[in-house]
Amino acid sequence: MKLDAVIQNALSVMNSLQLSGLTIGVYANGYNSIKKYLLNLNISEYTQDVMDMYISYQKLRMDRGEIKVKHYRFLRRLAYTLYECQQTGSITWVPIKKSRNFGNVYFKNLYSSFFLLQERELSPNTIRTMKTYVYGFLIYLETNGFQNIKEVSATVIQSYIIDFASKRKNPDLGNFIYALRKFWRYLNETGKTDLDAEYIIQKPAPHRKKIMPYFTNSQTDELLNAAKGKSAKMKRDYAMMALAANTGIRFVDISNLKLTDIDWRANTINIIQHKTGQSNTIPLETEVGNAIADYIINARPKCTSPYIFLKTFAPFSKLKSGSHIVKKYISSADSNLTPIGFHAFRRGIGTRMLESDISVPTISQILGHTELDSIKPYLSFNIEMLKKCCMQMHELGIPGRDKYEYNI
């Protein structure tokens with residue numbers, strides 16, 4: 001298909017998606033830059049080979065420092081959307097997945113067989129993280145001339161770990177080591193190598209546990225009052241925060257909430273929790289239900305999306321992050337609150353239930369925990385209960401205990 005026709009089709013699709021004029025204008029200028037580049041090469045047809053050539057050229061410019069990474073990614077998206085529109089007649093607004101290519105077929109097969117096994121046991125998010133680290137390790141071996149995993153020594157593994165940590169400002173060593181240990185254990189169990197690398201791939205020292213802040217009742221009221229308004233965005237934000245403050249639902253589950261998940265007659269919300277995969281039925285209080293209904297009827301964009309809470313601008317997709325919402329209303333609240341996210345509502349509910357002497361199993365059940373240990377972060381908030389755990393000084397055998405009394 002001729003390049004001019006491809007560009008016009010892409011812009012028409014963007015118009016049908018109700019994208020803003022500014023967004024369409026930015027993409028139109030970008031498409032014209034692609035057109036100018038290709039016309040200089042006497043190319044008027046847009047094919048996959050042409051797309052790959054253009055992306056390779058822009059990557060070379062990025063590698064030479066002529067353009068920044070962010071600009072390269074935008075140019076790459078331009079090229080992809082043009083080709084996608086030409087092939088399918090539509091454009092999907094999703095991140096471009098980074099391809100993982102191996103020059104060594106042996107390493108590619110190791111990678112594929114390992115993750116085929118892991119996908120039966122681990123969550124998609126864990127798999128996604130592990131793939132990044134295992135792929136990086138195998139590419140490191142490939143780059144350094146290794147052809148078989150049996151050629152790898154403990155020194156090589158140690159060198160890779162040092163190389164990984166030294167090239168990153170804040171390396172996620174916990175997940176990195178977990179992925180590497182699990183992969184190497186798989187290699188041992190399947191007879192791919194006899195090298196015992198457990199002593200090399202050691203678990204890093206655990207991070208200090210932080211006591212994360214939570215919203216008190218008065219702080220919650222301040223935030224909700226700050227979010228009350230007539231705009232579509234404020235109606236959405238108020239409904240989401242009211243739901244979090246009254247139920248303790250995680251933000252990811254609020255984001256995934258669908259129109260069909262609310263039983264308006266029974267006043268309940270029925271969800272499958274993203275983190276645990278377990279179903280949970282939550283009572284829907286009148287005030288919260290009214291806030292959600294007000295948003296759906298008067299402010300939610302008119303579209304076919306099954307999700308309740310959507311972005312206010314096209315494409316009307318569900319929200320992927322909520323911390324910016326809370327931070328916005330913290331800045332406009334009366335008191336000086338710490339800028340924390342949606343999970344502070346959940347921690348606040350857990351803490352207040354604990355202070356009301358509600359049993360730990362009951363709290364875990366209400367919050368949708370699958371393990372009792374998940375309640376531990378909330379225990380540290382209850383100062384009165386922590387005081388009961390402290391030993392009196394005279395019990396430690398301190399000299400002069402008869403002279404002093406230590407009351408905590």
# chains A, B, ... in the order shown; residues from 1 in each chain; ligands from 1
call {"tool": "select_by_dssp", "arguments": {"residues": "stretch 85-288 of chain A", "states": "strand (DSSP E)", "output": "number ranges by chain"}}
result
A: 262-263, 268-272, 279-283
call {"tool": "write_last_selection", "arguments": {"atoms": "N, CA and C atoms", "output": "compact mmCIF listing (two decimals), in the first residue's frame"}}
result
# COMPACT_ATOMS: atom_id res chain seq x y z
N ILE A 262 -20.59 -5.60 40.32
CA ILE A 262 -21.40 -5.04 41.40
C ILE A 262 -22.82 -5.60 41.31
N ASP A 263 -23.24 -6.18 42.42
CA ASP A 263 -24.63 -6.65 42.53
C ASP A 263 -25.41 -5.57 43.27
N THR A 268 -23.43 -5.79 47.05
CA THR A 268 -22.14 -6.47 47.23
C THR A 268 -21.27 -6.26 45.99
N ILE A 269 -19.98 -6.40 46.20
CA ILE A 269 -19.00 -6.38 45.11
C ILE A 269 -18.34 -7.76 45.08
N ASN A 270 -18.30 -8.38 43.91
CA ASN A 270 -17.73 -9.72 43.77
C ASN A 270 -16.51 -9.64 42.85
N ILE A 271 -15.35 -9.94 43.40
CA ILE A 271 -14.12 -9.81 42.61
C ILE A 271 -13.26 -11.07 42.74
N ILE A 272 -12.37 -11.24 41.76
CA ILE A 272 -11.29 -12.20 41.85
C ILE A 272 -10.03 -11.37 42.11
N SER A 279 -11.43 -15.53 45.07
CA SER A 279 -12.65 -14.73 44.98
C SER A 279 -12.95 -14.08 46.33
N ASN A 280 -13.59 -12.93 46.29
CA ASN A 280 -13.91 -12.22 47.52
C ASN A 280 -15.20 -11.43 47.31
N THR A 281 -16.14 -11.55 48.23
CA THR A 281 -17.39 -10.80 48.19
C THR A 281 -17.36 -9.74 49.28
N ILE A 282 -17.56 -8.49 48.89
CA ILE A 282 -17.39 -7.36 49.80
C ILE A 282 -18.69 -6.58 49.90
N PRO A 283 -19.14 -6.27 51.11
CA PRO A 283 -20.37 -5.47 51.26
C PRO A 283 -20.18 -4.07 50.66
call {"tool": "select_by_dssp", "arguments": {"residues": "stretch 248-297 of chain A", "states": "helix (DSSP H, G or I)", "output": "ChimeraX atom specification"}}
result
/A:251-255,259-261,286-297
call {"tool": "write_last_selection", "arguments": {"atoms": "N, CA and C atoms", "output": "compact mmCIF listing (two decimals), in the first residue's frame"}}
result
# COMPACT_ATOMS: atom_id res chain seq x y z
N PHE A 251 -5.69 -1.26 45.11
CA PHE A 251 -5.94 -0.41 43.94
C PHE A 251 -6.07 -1.23 42.67
N VAL A 252 -5.25 -2.27 42.51
CA VAL A 252 -5.31 -3.07 41.28
C VAL A 252 -6.68 -3.70 41.11
N ASP A 253 -7.32 -4.06 42.21
CA ASP A 253 -8.66 -4.65 42.13
C ASP A 253 -9.73 -3.59 41.86
N ILE A 254 -9.50 -2.37 42.34
CA ILE A 254 -10.40 -1.27 42.01
C ILE A 254 -10.28 -0.95 40.52
N SER A 255 -9.06 -0.92 40.03
CA SER A 255 -8.82 -0.65 38.62
C SER A 255 -9.44 -1.71 37.72
N LEU A 259 -18.24 -3.43 35.42
CA LEU A 259 -19.65 -3.08 35.67
C LEU A 259 -20.45 -4.27 36.17
N THR A 260 -20.08 -5.45 35.71
CA THR A 260 -20.81 -6.66 36.09
C THR A 260 -20.40 -7.20 37.46
N ASP A 261 -19.38 -6.60 38.08
CA ASP A 261 -18.90 -7.10 39.39
C ASP A 261 -19.75 -6.60 40.56
N THR A 286 -23.96 2.11 51.45
CA THR A 286 -24.82 3.01 50.68
C THR A 286 -24.07 4.22 50.15
N GLU A 287 -23.27 4.86 51.02
CA GLU A 287 -22.54 6.06 50.61
C GLU A 287 -21.59 5.78 49.46
N VAL A 288 -20.88 4.65 49.57
CA VAL A 288 -19.93 4.28 48.52
C VAL A 288 -20.67 3.91 47.23
N GLY A 289 -21.74 3.15 47.37
CA GLY A 289 -22.53 2.77 46.21
C GLY A 289 -23.09 3.98 45.48
N ASN A 290 -23.53 4.98 46.25
CA ASN A 290 -24.06 6.21 45.64
C ASN A 290 -22.97 6.96 44.88
N ALA A 291 -21.76 6.96 45.44
CA ALA A 291 -20.64 7.66 44.78
C ALA A 291 -20.29 6.97 43.46
N ILE A 292 -20.26 5.64 43.47
CA ILE A 292 -19.96 4.89 42.25
C ILE A 292 -21.06 5.09 41.21
N ALA A 293 -22.32 5.03 41.66
CA ALA A 293 -23.45 5.21 40.75
C ALA A 293 -23.44 6.61 40.14
N ASP A 294 -23.12 7.62 40.95
CA ASP A 294 -23.06 9.00 40.46
C ASP A 294 -22.01 9.13 39.36
N TYR A 295 -20.87 8.47 39.56
CA TYR A 295 -19.81 8.51 38.54
C TYR A 295 -20.25 7.80 37.27
N ILE A 296 -20.81 6.60 37.40
CA ILE A 296 -21.22 5.82 36.23
C ILE A 296 -22.27 6.55 35.41
N ILE A 297 -23.24 7.15 36.09
CA ILE A 297 -24.37 7.78 35.39
C ILE A 297 -24.01 9.16 34.82
call {"tool": "closest_residue", "arguments": {"among": "A:Leu284, A:Ile249, A:Ala242, A:Leu224", "to": "A:Tyr329", "atoms": "only C-alpha atoms"}}
result
A:Leu224
call {"tool": "closest_residue", "arguments": {"among": "A:Gly30, A:Gly136, A:Pro124, A:Gly368", "to": "A:Thr81", "atoms": "only C-alpha atoms"}}
result
A:Gly30
call {"tool": "residues_around", "arguments": {"residues": "stretch 36-44 of chain A", "least_positions_apart": "5", "cutoff": "9 Å", "atoms": "only C-alpha atoms", "output": "NGL selection string"}}
result
:A and (1-4 or 31 or 50 or 54)
call {"tool": "write_last_selection", "arguments": {"atoms": "N, CA and C atoms", "output": "CSV table (one decimal), in the first residue's frame"}}
result
chain,number,residue,atom,x,y,z
A,1,MET,N,0.8,-1.2,0.0
A,1,MET,CA,0.0,0.0,0.0
A,1,MET,C,0.9,1.2,0.0
A,2,LYS,N,0.5,2.3,-0.8
A,2,LYS,CA,1.2,3.5,-0.8
A,2,LYS,C,1.3,4.2,0.5
A,3,LEU,N,2.4,4.8,0.8
A,3,LEU,CA,2.7,5.4,2.1
A,3,LEU,C,1.6,6.5,2.4
A,4,ASP,N,1.2,7.3,1.5
A,4,ASP,CA,0.2,8.4,1.8
A,4,ASP,C,-1.1,7.8,2.2
A,31,TYR,N,4.4,11.0,11.4
A,31,TYR,CA,4.2,10.2,10.2
A,31,TYR,C,4.8,11.0,9.0
A,50,VAL,N,10.5,-2.3,5.2
A,50,VAL,CA,10.7,-0.8,5.3
A,50,VAL,C,10.6,-0.3,6.7
A,54,TYR,N,13.6,1.4,8.9
A,54,TYR,CA,13.5,2.7,9.6
A,54,TYR,C,13.8,2.7,11.0
call {"tool": "closest_residue", "arguments": {"among": "A:Arg265, A:Lys327, A:Lys131, A:Arg76", "to": "A:Asp52", "atoms": "only C-alpha atoms"}}
result
A:Arg76
call {"tool": "decode", "arguments": {"residues": "stretch 162-173 of chain A", "atoms": "N, CA and C atoms", "output": "PDB file, in the first residue's frame"}}
result
ATOM      1  N   ILE A 162      28.395  -9.727  39.611  1.00  0.00           N
ATOM      2  CA  ILE A 162      29.104  -8.469  39.886  1.00  0.00           C
ATOM      3  C   ILE A 162      28.836  -7.463  38.778  1.00  0.00           C
ATOM      4  N   ASP A 163      28.850  -7.929  37.522  1.00  0.00           N
ATOM      5  CA  ASP A 163      28.599  -7.058  36.374  1.00  0.00           C
ATOM      6  C   ASP A 163      27.180  -6.489  36.427  1.00  0.00           C
ATOM      7  N   PHE A 164      26.221  -7.338  36.779  1.00  0.00           N
ATOM      8  CA  PHE A 164      24.820  -6.911  36.869  1.00  0.00           C
ATOM      9  C   PHE A 164      24.650  -5.828  37.921  1.00  0.00           C
ATOM     10  N   ALA A 165      25.216  -6.068  39.114  1.00  0.00           N
ATOM     11  CA  ALA A 165      25.035  -5.129  40.231  1.00  0.00           C
ATOM     12  C   ALA A 165      25.764  -3.812  39.990  1.00  0.00           C
ATOM     13  N   SER A 166      26.917  -3.860  39.340  1.00  0.00           N
ATOM     14  CA  SER A 166      27.735  -2.651  39.169  1.00  0.00           C
ATOM     15  C   SER A 166      27.173  -1.703  38.112  1.00  0.00           C
ATOM     16  N   LYS A 167      26.365  -2.233  37.192  1.00  0.00           N
ATOM     17  CA  LYS A 167      25.852  -1.408  36.099  1.00  0.00           C
ATOM     18  C   LYS A 167      24.489  -0.796  36.397  1.00  0.00           C
ATOM     19  N   ARG A 168      23.972  -1.035  37.593  1.00  0.00           N
ATOM     20  CA  ARG A 168      22.650  -0.520  37.937  1.00  0.00           C
ATOM     21  C   ARG A 168      22.726   0.306  39.206  1.00  0.00           C
ATOM     22  N   LYS A 169      22.006   1.421  39.195  1.00  0.00           N
ATOM     23  CA  LYS A 169      22.047   2.324  40.337  1.00  0.00           C
ATOM     24  C   LYS A 169      21.388   1.700  41.556  1.00  0.00           C
ATOM     25  N   ASN A 170      20.210   1.126  41.370  1.00  0.00           N
ATOM     26  CA  ASN A 170      19.494   0.457  42.461  1.00  0.00           C
ATOM     27  C   ASN A 170      19.062  -0.930  42.002  1.00  0.00           C
ATOM     28  N   PRO A 171      19.995  -1.875  41.930  1.00  0.00           N
ATOM     29  CA  PRO A 171      19.646  -3.210  41.412  1.00  0.00           C
ATOM     30  C   PRO A 171      18.679  -3.955  42.326  1.00  0.00           C
ATOM     31  N   ASP A 172      17.725  -4.614  41.715  1.00  0.00           N
ATOM     32  CA  ASP A 172      16.756  -5.419  42.463  1.00  0.00           C
ATOM     33  C   ASP A 172      17.360  -6.803  42.684  1.00  0.00           C
ATOM     34  N   LEU A 173      18.291  -6.884  43.603  1.00  0.00           N
ATOM     35  CA  LEU A 173      19.046  -8.118  43.780  1.00  0.00           C
ATOM     36  C   LEU A 173      18.186  -9.266  44.295  1.00  0.00           C
TER      37      LEU A 173
END
